[in-house]
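Enquirer: CSV, C-alpha atoms, saved as work_4.csv, coming up:
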chain,number,residue,atom,x,y,z
V,70,MET,CA,-40.4,36.5,-7.3
V,71,ALA,CA,-38.8,34.3,-4.7
V,72,GLY,CA,-40.1,30.8,-4.8
V,73,ARG,CA,-38.8,27.5,-3.4
V,74,ALA,CA,-35.3,28.8,-3.8
V,75,ASP,CA,-35.7,31.1,-0.8
V,76,ASN,CA,-37.4,28.3,1.2
V,77,PRO,CA,-35.1,25.2,1.1
V,78,ALA,CA,-37.1,23.3,3.7
V,79,LEU,CA,-40.2,23.5,1.5
V,80,ALA,CA,-38.2,22.6,-1.5
V,81,ARG,CA,-36.8,19.4,0.1
V,82,VAL,CA,-40.1,18.3,1.6
V,83,LEU,CA,-42.1,18.9,-1.5
V,84,ALA,CA,-39.5,17.4,-3.9
V,85,GLU,CA,-41.6,14.3,-4.2
V,86,GLN,CA,-44.9,16.3,-4.6
V,87,PRO,CA,-44.3,18.4,-7.7
V,88,ASP,CA,-48.0,19.3,-8.2
V,89,VAL,CA,-48.2,20.8,-4.7
V,90,ALA,CA,-44.8,22.5,-5.0
V,91,GLY,CA,-45.5,24.0,-8.4
V,92,SER,CA,-49.0,25.2,-7.4
V,93,LEU,CA,-47.6,26.7,-4.2
V,94,ASP,CA,-45.0,28.6,-6.2
V,95,ALA,CA,-47.7,29.8,-8.6
V,96,LEU,CA,-49.9,30.8,-5.7
V,97,TYR,CA,-47.1,32.8,-4.1
V,98,GLU,CA,-46.4,34.6,-7.3
V,99,ALA,CA,-50.1,35.4,-7.8
V,100,ALA,CA,-50.4,36.8,-4.3
V,101,TRP,CA,-47.6,39.3,-4.9
V,102,SER,CA,-49.0,40.2,-8.3
V,103,VAL,CA,-52.3,41.5,-7.0
V,104,VAL,CA,-51.4,43.4,-3.8
V,105,ASP,CA,-49.3,46.5,-3.2
V,106,PRO,CA,-45.9,44.8,-2.6
V,107,VAL,CA,-45.0,47.3,0.1
V,108,LEU,CA,-48.0,46.4,2.2
V,109,LEU,CA,-47.5,42.7,1.6
V,110,GLU,CA,-43.8,42.9,2.5
V,111,LEU,CA,-44.5,44.7,5.7
V,112,CYS,CA,-47.1,42.0,6.6
V,113,ARG,CA,-44.8,39.2,5.5
V,114,LEU,CA,-42.0,40.5,7.8
V,115,ARG,CA,-44.5,41.1,10.7
V,116,VAL,CA,-45.8,37.5,10.3
V,117,ALA,CA,-42.2,36.3,10.3
V,118,LYS,CA,-41.5,38.2,13.6
V,119,LEU,CA,-44.7,36.9,15.3
V,120,LEU,CA,-44.1,33.3,14.2
V,121,GLY,CA,-40.4,33.4,15.0
V,122,CYS,CA,-39.4,32.6,11.4
V,123,ASP,CA,-35.8,34.0,11.4
V,124,ASP,CA,-35.0,33.1,7.8
V,125,GLU,CA,-38.0,35.0,6.5
V,126,GLN,CA,-37.1,38.0,8.5
V,127,GLY,CA,-33.8,38.1,6.7
V,128,LEU,CA,-35.3,38.0,3.3
V,129,ARG,CA,-36.3,41.1,1.2
V,130,THR,CA,-38.7,41.1,-1.7
V,131,ASP,CA,-37.5,42.8,-4.8
V,132,ALA,CA,-40.9,44.1,-5.8
V,133,ALA,CA,-41.3,45.9,-2.4
V,134,ARG,CA,-37.9,47.4,-2.6
V,135,ALA,CA,-38.5,48.6,-6.1
V,136,ALA,CA,-41.8,50.1,-4.9
V,137,GLY,CA,-40.0,52.2,-2.4
V,138,LEU,CA,-39.8,50.3,0.8
V,139,ASP,CA,-36.6,51.2,2.6
V,140,GLU,CA,-34.6,49.5,5.3
V,141,ALA,CA,-35.3,52.2,7.8
V,142,THR,CA,-39.0,51.5,7.6
V,143,ILE,CA,-38.4,47.8,8.1
V,144,VAL,CA,-36.3,48.5,11.2
V,145,ASP,CA,-39.2,50.6,12.6
V,146,LEU,CA,-41.7,47.9,11.9
V,147,PRO,CA,-42.1,46.7,15.5
V,148,ALA,CA,-43.1,50.3,16.3
V,149,TRP,CA,-45.7,50.5,13.6
V,150,PRO,CA,-48.6,51.8,15.9
V,151,THR,CA,-46.6,54.9,16.8
V,152,SER,CA,-43.9,55.4,14.2
V,153,GLU,CA,-44.4,58.2,11.8
V,154,ARG,CA,-43.1,56.0,9.0
V,155,PHE,CA,-46.5,54.3,9.0
V,156,GLY,CA,-49.7,55.9,7.8
V,157,ARG,CA,-53.3,54.9,8.4
V,158,ARG,CA,-53.2,52.5,5.5
V,159,GLU,CA,-50.2,50.6,6.7
V,160,ARG,CA,-51.4,50.6,10.3
V,161,ALA,CA,-54.8,49.3,9.3
V,162,CYS,CA,-53.2,46.4,7.4
V,163,LEU,CA,-50.7,45.6,10.1
V,164,ALA,CA,-53.3,45.6,12.8
V,165,PHE,CA,-55.4,43.2,10.7
V,166,CYS,CA,-52.3,41.1,10.0
V,167,GLU,CA,-51.4,40.7,13.6
V,168,GLN,CA,-54.9,39.6,14.6
V,169,PHE,CA,-54.9,37.3,11.5
V,170,VAL,CA,-51.8,35.5,12.8
V,171,ILE,CA,-52.7,35.4,16.5
V,172,ASP,CA,-56.4,34.5,16.4
V,173,VAL,CA,-58.1,34.9,13.0
V,174,ALA,CA,-61.4,33.8,14.4
V,175,GLY,CA,-61.3,36.8,16.8
V,176,MET,CA,-61.1,39.3,13.9
V,177,ASP,CA,-63.7,42.0,14.6
V,178,ASP,CA,-65.5,44.4,12.3
V,179,GLY,CA,-63.4,47.3,13.4
V,180,LEU,CA,-60.1,45.7,12.1
V,181,ALA,CA,-61.7,44.5,8.9
V,182,PHE,CA,-63.5,47.7,8.0
V,183,ALA,CA,-60.4,49.7,8.8
V,184,VAL,CA,-58.6,47.9,6.0
V,185,SER,CA,-61.5,47.9,3.6
V,186,ASP,CA,-62.0,51.7,4.1
V,187,GLU,CA,-58.4,52.3,3.2
V,188,LEU,CA,-58.0,49.9,0.3
V,189,GLY,CA,-61.5,49.5,-1.0
V,190,PRO,CA,-63.5,46.2,-1.1
V,191,GLN,CA,-61.8,44.6,-4.0
V,192,ALA,CA,-58.3,45.3,-2.8
V,193,PHE,CA,-59.3,44.3,0.7
V,194,ARG,CA,-60.4,40.9,-0.5
V,195,ASP,CA,-57.2,40.4,-2.5
V,196,PHE,CA,-55.2,41.6,0.5
V,197,VAL,CA,-56.8,39.0,2.8
V,198,SER,CA,-56.1,36.2,0.2
V,199,ALA,CA,-52.5,37.3,-0.2
V,200,LEU,CA,-52.0,37.5,3.5
V,201,LEU,CA,-53.3,34.0,3.9
V,202,VAL,CA,-50.8,32.7,1.3
V,203,VAL,CA,-47.8,34.5,2.9
V,204,GLU,CA,-48.8,33.4,6.4
V,205,GLN,CA,-49.5,29.8,5.5
V,206,ARG,CA,-46.3,29.5,3.6
V,207,GLN,CA,-44.3,30.6,6.6
V,208,ARG,CA,-46.2,28.2,8.9
V,209,LEU,CA,-45.5,25.4,6.4
V,210,ARG,CA,-41.8,26.3,6.4
V,211,LEU,CA,-41.6,26.4,10.2
V,212,THR,CA,-43.5,23.1,10.5
V,213,TYR,CA,-41.2,21.3,8.0
V,214,GLU,CA,-38.1,22.8,9.5
V,215,ARG,CA,-39.0,21.8,13.0
V,216,LEU,CA,-40.4,18.4,12.1
V,217,PHE,CA,-37.9,17.2,9.5
V,218,GLU,CA,-34.8,19.2,10.0
V,219,PRO,CA,-34.3,19.7,13.8
T,150,MET,CA,-71.4,48.7,14.8
T,151,ARG,CA,-71.6,48.6,11.0
T,152,ARG,CA,-74.2,46.3,9.5
T,153,GLU,CA,-72.9,45.8,6.0
T,154,ARG,CA,-71.0,42.7,5.0
T,155,ARG,CA,-67.2,43.0,5.3
T,156,ILE,CA,-66.9,42.1,1.7
T,157,PRO,CA,-69.9,43.3,-0.4
T,158,ASP,CA,-71.8,40.8,-2.6
T,159,GLY,CA,-70.3,40.7,-6.1
T,160,VAL,CA,-66.7,41.4,-5.0
T,161,ARG,CA,-64.7,38.4,-6.2
T,162,ALA,CA,-61.1,37.5,-5.7
T,163,GLU,CA,-58.8,38.6,-8.5
T,164,PRO,CA,-59.0,35.8,-11.0
T,165,ARG,CA,-55.3,34.9,-11.2
T,166,LEU,CA,-55.2,34.6,-7.4
T,167,ALA,CA,-58.5,32.7,-7.2
T,168,GLU,CA,-57.4,30.2,-9.8
T,169,ALA,CA,-54.0,29.7,-8.1
T,170,LEU,CA,-55.7,29.1,-4.8
T,171,ASP,CA,-58.0,26.6,-6.3
T,172,GLU,CA,-55.2,24.8,-8.1
T,173,TRP,CA,-53.1,24.6,-4.9
T,174,GLN,CA,-56.0,23.3,-2.8
T,175,ALA,CA,-56.8,20.7,-5.5
T,176,ALA,CA,-53.2,19.5,-5.5
T,177,VAL,CA,-53.2,19.1,-1.7
T,178,VAL,CA,-56.5,17.2,-1.8
T,179,ARG,CA,-55.1,14.9,-4.4
T,180,LEU,CA,-52.4,13.7,-2.0
T,181,ALA,CA,-53.2,10.2,-1.0
T,182,ARG,CA,-50.6,9.1,1.6
T,183,LEU,CA,-52.7,10.2,4.6
T,184,ASP,CA,-55.9,8.2,5.1
T,185,ALA,CA,-59.2,9.8,4.6
T,186,VAL,CA,-60.4,9.6,8.2
T,187,THR,CA,-57.3,11.4,9.6
T,188,THR,CA,-57.5,14.0,6.8
T,189,GLU,CA,-61.1,14.7,7.6
T,190,LEU,CA,-60.4,15.0,11.4
T,191,VAL,CA,-57.6,17.4,10.7
T,192,ARG,CA,-59.8,19.4,8.3
T,193,LEU,CA,-62.6,19.7,10.9
T,194,ARG,CA,-60.2,20.6,13.7
T,195,CYS,CA,-58.8,23.4,11.5
T,196,ALA,CA,-62.3,24.6,10.7
T,197,ARG,CA,-63.3,24.7,14.4
T,198,TYR,CA,-60.1,26.6,15.2
T,199,HIS,CA,-60.7,29.2,12.5
T,200,ASP,CA,-64.4,29.4,13.3
T,201,CYS,CA,-65.2,28.4,9.7
T,202,HIS,CA,-68.8,27.3,9.3
T,203,THR,CA,-68.6,26.4,5.7
Please express what this file holds, its structure, as structure tokens.
Expert:
Amino acid sequence: MAGRADNPALARVLAEQPDVAGSLDALYEAAWSVVDPVLLELCRLRVAKLLGCDDEQGLRTDAARAAGLDEATIVDLPAWPTSERFGRRERACLAFCEQFVIDVAGMDDGLAFAVSDELGPQAFRDFVSALLVVEQRQRLRLTYERLFEP
Amino acid sequence: MRRERRIPDGVRAEPRLAEALDEWQAAVVRLARLDAVTTELVRLRCARYHDCHT
């Protein structure tokens, strides 16, 4: 699993904070270990697009590729609401993901239950936690890059 | 409108992920370069933004 190696800005900023850096790496690995990697990869790439994180958009996660996510599906990701490459499960997660990024406090029951109905309550809970990790890590990356490495 | 909780009672985060989240948050809280007042103001501002009442 990619850690600080794929995120040089984080690595440099956190070099003097090994506890934070190490625990963030462990957290990132844990997130990918408990959620369907294809779903999480689609969300990671969607988060990257919405936040304008170009480096993250260029990365691919091995676990997702191994689980069957192909490049054609990634190319179609901006068209997820209508593309036939995305089923109900993926659409529910991507709709939730977009609201999560744009305005998490505005998340309504419809978006939440759509994911829970598709994944089940346990996987829904883990998906939300993993999405938080993926999103926050990209926000940290962007913040550090813009603040410290203009 | 559905009346049940979004996450039913008794559904806990997967232990490995929950422990990793706890450890990361603890590591962040242990950072001491930023003064406590500023830290708290930022925390409260984030809570308000995220509509987090806890």
Enquirer: In Å, how far is it from atom CA of T:Ala176 to atom CA of V:Asp88?
Expert: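 We find that atom CA of T:Ala176 and atom CA of V:Asp88 lie 5.9 Å from each other.
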Enquirer: Could you list, as a PyMOL selection string, every residue within 7 Å of stretch 154-163 of chain T, counting only C-alpha atoms and ignoring same-chain residues fewer than 5 positions away?
Expert: chain V and resi 181-182+190-191+194-195
Enquirer: For chain T, which residue out of V:Cys162, V:Ala199, V:Leu79, V:Ala117 is the nearest one, using all atoms listed in the file?
Expert: V:Ala199
Enquirer: From the options V:Leu120, V:Val89, V:Cys112, V:Ile171, which residue's atoms come nearest to V:Leu146, counting all atoms listed in the file?
Expert: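 Among the listed residues, the smallest separation from V:Leu146 belongs to V:Cys112.
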Enquirer: Around (-38.6, 44.4, -1.9) in the file's frame, which residues reach within 12 Å when counting only C-alpha atoms? Return as a ChimeraX atom specification?
Expert: /V:70-71,101,105-111,113-114,127-140,142-143
Enquirer: Between V:Ala84, V:Cys122, V:Val173, V:Val116, which one has atoms that come closest to chain T, using only C-alpha atoms?
Expert: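 For chain T, the nearest of the given residues is V:Val173.
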Enquirer: For chain V versus chain T, which residues have an atom no more than 12 Å away, and what is each residue's nearest atom pair and distance in Å rounded to one decimal, using all atoms listed in the file, chain-then-number order, as CSV?
Expert:
residue,atom,partner,partner_atom,distance
V:Leu83,CA,T:Val177,CA,11.1
V:Glu85,CA,T:Leu180,CA,11.0
V:Gln86,CA,T:Leu180,CA,8.4
V:Pro87,CA,T:Ala176,CA,9.2
V:Asp88,CA,T:Ala176,CA,5.9
V:Val89,CA,T:Ala176,CA,5.2
V:Ala90,CA,T:Trp173,CA,8.6
V:Gly91,CA,T:Trp173,CA,8.4
V:Ser92,CA,T:Trp173,CA,4.8
V:Leu93,CA,T:Trp173,CA,5.9
V:Asp94,CA,T:Trp173,CA,9.1
V:Ala95,CA,T:Ala169,CA,6.3
V:Leu96,CA,T:Ala169,CA,4.9
V:Tyr97,CA,T:Ala169,CA,8.6
V:Glu98,CA,T:Leu166,CA,8.8
V:Ala99,CA,T:Leu166,CA,5.2
V:Ala100,CA,T:Leu166,CA,6.1
V:Trp101,CA,T:Leu166,CA,9.3
V:Ser102,CA,T:Leu166,CA,8.4
V:Val103,CA,T:Glu163,CA,7.3
V:Val104,CA,T:Glu163,CA,10.0
V:Phe169,CA,T:His199,CA,10.0
V:Val170,CA,T:His199,CA,10.9
V:Ile171,CA,T:His199,CA,10.9
V:Asp172,CA,T:His199,CA,7.9
V:Val173,CA,T:His199,CA,6.3
V:Ala174,CA,T:His199,CA,5.0
V:Gly175,CA,T:His199,CA,8.8
V:Met176,CA,T:His199,CA,10.2
V:Asp177,CA,T:Arg155,CA,10.0
V:Asp178,CA,T:Arg155,CA,7.3
V:Gly179,CA,T:Met150,CA,8.2
V:Leu180,CA,T:Arg155,CA,10.2
V:Ala181,CA,T:Arg155,CA,6.7
V:Phe182,CA,T:Arg155,CA,6.6
V:Ala183,CA,T:Arg155,CA,10.2
V:Val184,CA,T:Arg155,CA,9.9
V:Ser185,CA,T:Arg155,CA,7.7
V:Asp186,CA,T:Arg155,CA,10.2
V:Leu188,CA,T:Ile156,CA,11.9
V:Gly189,CA,T:Ile156,CA,9.6
V:Pro190,CA,T:Ile156,CA,6.0
V:Gln191,CA,T:Val160,CA,5.9
V:Ala192,CA,T:Ala162,CA,8.8
V:Phe193,CA,T:Ile156,CA,8.0
V:Arg194,CA,T:Ala162,CA,6.3
V:Asp195,CA,T:Ala162,CA,5.8
V:Phe196,CA,T:Ala162,CA,9.5
V:Val197,CA,T:Ala162,CA,9.6
V:Ser198,CA,T:Leu166,CA,7.8
V:Ala199,CA,T:Leu166,CA,8.1
V:Leu200,CA,T:Leu166,CA,11.7
V:Leu201,CA,T:Leu170,CA,10.3
V:Val202,CA,T:Leu170,CA,8.6
V:Arg206,CA,T:Trp173,CA,11.9
Enquirer: Under the rule that all atoms listed in the file are counted, which of V:Glu159, V:Glu125, V:Glu153, V:Asp145 is the nearest residue to V:Arg208?
Expert: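 Among the listed residues, V:Glu125 lies closest to V:Arg208.
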Enquirer: Give me, please, the distance in Å between atom CA of V:Gln207 and atom CA of V:Asp123, quoted to one decimal.
Expert: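 It comes out at 10.3 Å.
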Enquirer: For the atom pair atom CA of V:Pro77 and atom CA of V:Glu214, what is the interatomic distance in Å to one decimal place?
Expert: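 Straight-line distance from atom CA of V:Pro77 to atom CA of V:Glu214 works out to 9.2 Å.
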Enquirer: Would you mind putting N, CA and C atoms back on stretch 182-193 of chain V and writing the result as a PDB file, keeping the file's coordinate frame?
Expert:
ATOM      1  N   PHE V 182     -63.039  46.519   8.691  1.00  0.00           N
ATOM      2  CA  PHE V 182     -63.500  47.700   8.000  1.00  0.00           C
ATOM      3  C   PHE V 182     -62.396  48.770   7.885  1.00  0.00           C
ATOM      4  N   ALA V 183     -61.495  48.779   8.840  1.00  0.00           N
ATOM      5  CA  ALA V 183     -60.400  49.700   8.800  1.00  0.00           C
ATOM      6  C   ALA V 183     -59.560  49.493   7.501  1.00  0.00           C
ATOM      7  N   VAL V 184     -59.322  48.215   7.193  1.00  0.00           N
ATOM      8  CA  VAL V 184     -58.600  47.900   6.000  1.00  0.00           C
ATOM      9  C   VAL V 184     -59.424  48.157   4.740  1.00  0.00           C
ATOM     10  N   SER V 185     -60.668  47.728   4.772  1.00  0.00           N
ATOM     11  CA  SER V 185     -61.500  47.900   3.600  1.00  0.00           C
ATOM     12  C   SER V 185     -61.743  49.395   3.302  1.00  0.00           C
ATOM     13  N   ASP V 186     -61.864  50.211   4.323  1.00  0.00           N
ATOM     14  CA  ASP V 186     -62.000  51.700   4.100  1.00  0.00           C
ATOM     15  C   ASP V 186     -60.788  52.256   3.452  1.00  0.00           C
ATOM     16  N   GLU V 187     -59.624  51.729   3.802  1.00  0.00           N
ATOM     17  CA  GLU V 187     -58.400  52.300   3.200  1.00  0.00           C
ATOM     18  C   GLU V 187     -58.106  51.765   1.831  1.00  0.00           C
ATOM     19  N   LEU V 188     -58.400  50.497   1.589  1.00  0.00           N
ATOM     20  CA  LEU V 188     -58.000  49.900   0.300  1.00  0.00           C
ATOM     21  C   LEU V 188     -59.176  49.821  -0.694  1.00  0.00           C
ATOM     22  N   GLY V 189     -60.400  49.799  -0.183  1.00  0.00           N
ATOM     23  CA  GLY V 189     -61.500  49.500  -1.000  1.00  0.00           C
ATOM     24  C   GLY V 189     -61.853  48.020  -0.977  1.00  0.00           C
ATOM     25  N   PRO V 190     -63.108  47.635  -1.278  1.00  0.00           N
ATOM     26  CA  PRO V 190     -63.500  46.200  -1.100  1.00  0.00           C
ATOM     27  C   PRO V 190     -62.743  45.217  -1.895  1.00  0.00           C
ATOM     28  N   GLN V 191     -62.475  45.548  -3.159  1.00  0.00           N
ATOM     29  CA  GLN V 191     -61.800  44.600  -4.000  1.00  0.00           C
ATOM     30  C   GLN V 191     -60.341  44.350  -3.511  1.00  0.00           C
ATOM     31  N   ALA V 192     -59.642  45.426  -3.258  1.00  0.00           N
ATOM     32  CA  ALA V 192     -58.300  45.300  -2.800  1.00  0.00           C
ATOM     33  C   ALA V 192     -58.224  44.653  -1.392  1.00  0.00           C
ATOM     34  N   PHE V 193     -59.262  44.904  -0.589  1.00  0.00           N
ATOM     35  CA  PHE V 193     -59.300  44.300   0.700  1.00  0.00           C
ATOM     36  C   PHE V 193     -59.424  42.757   0.570  1.00  0.00           C
TER      37      PHE V 193
END
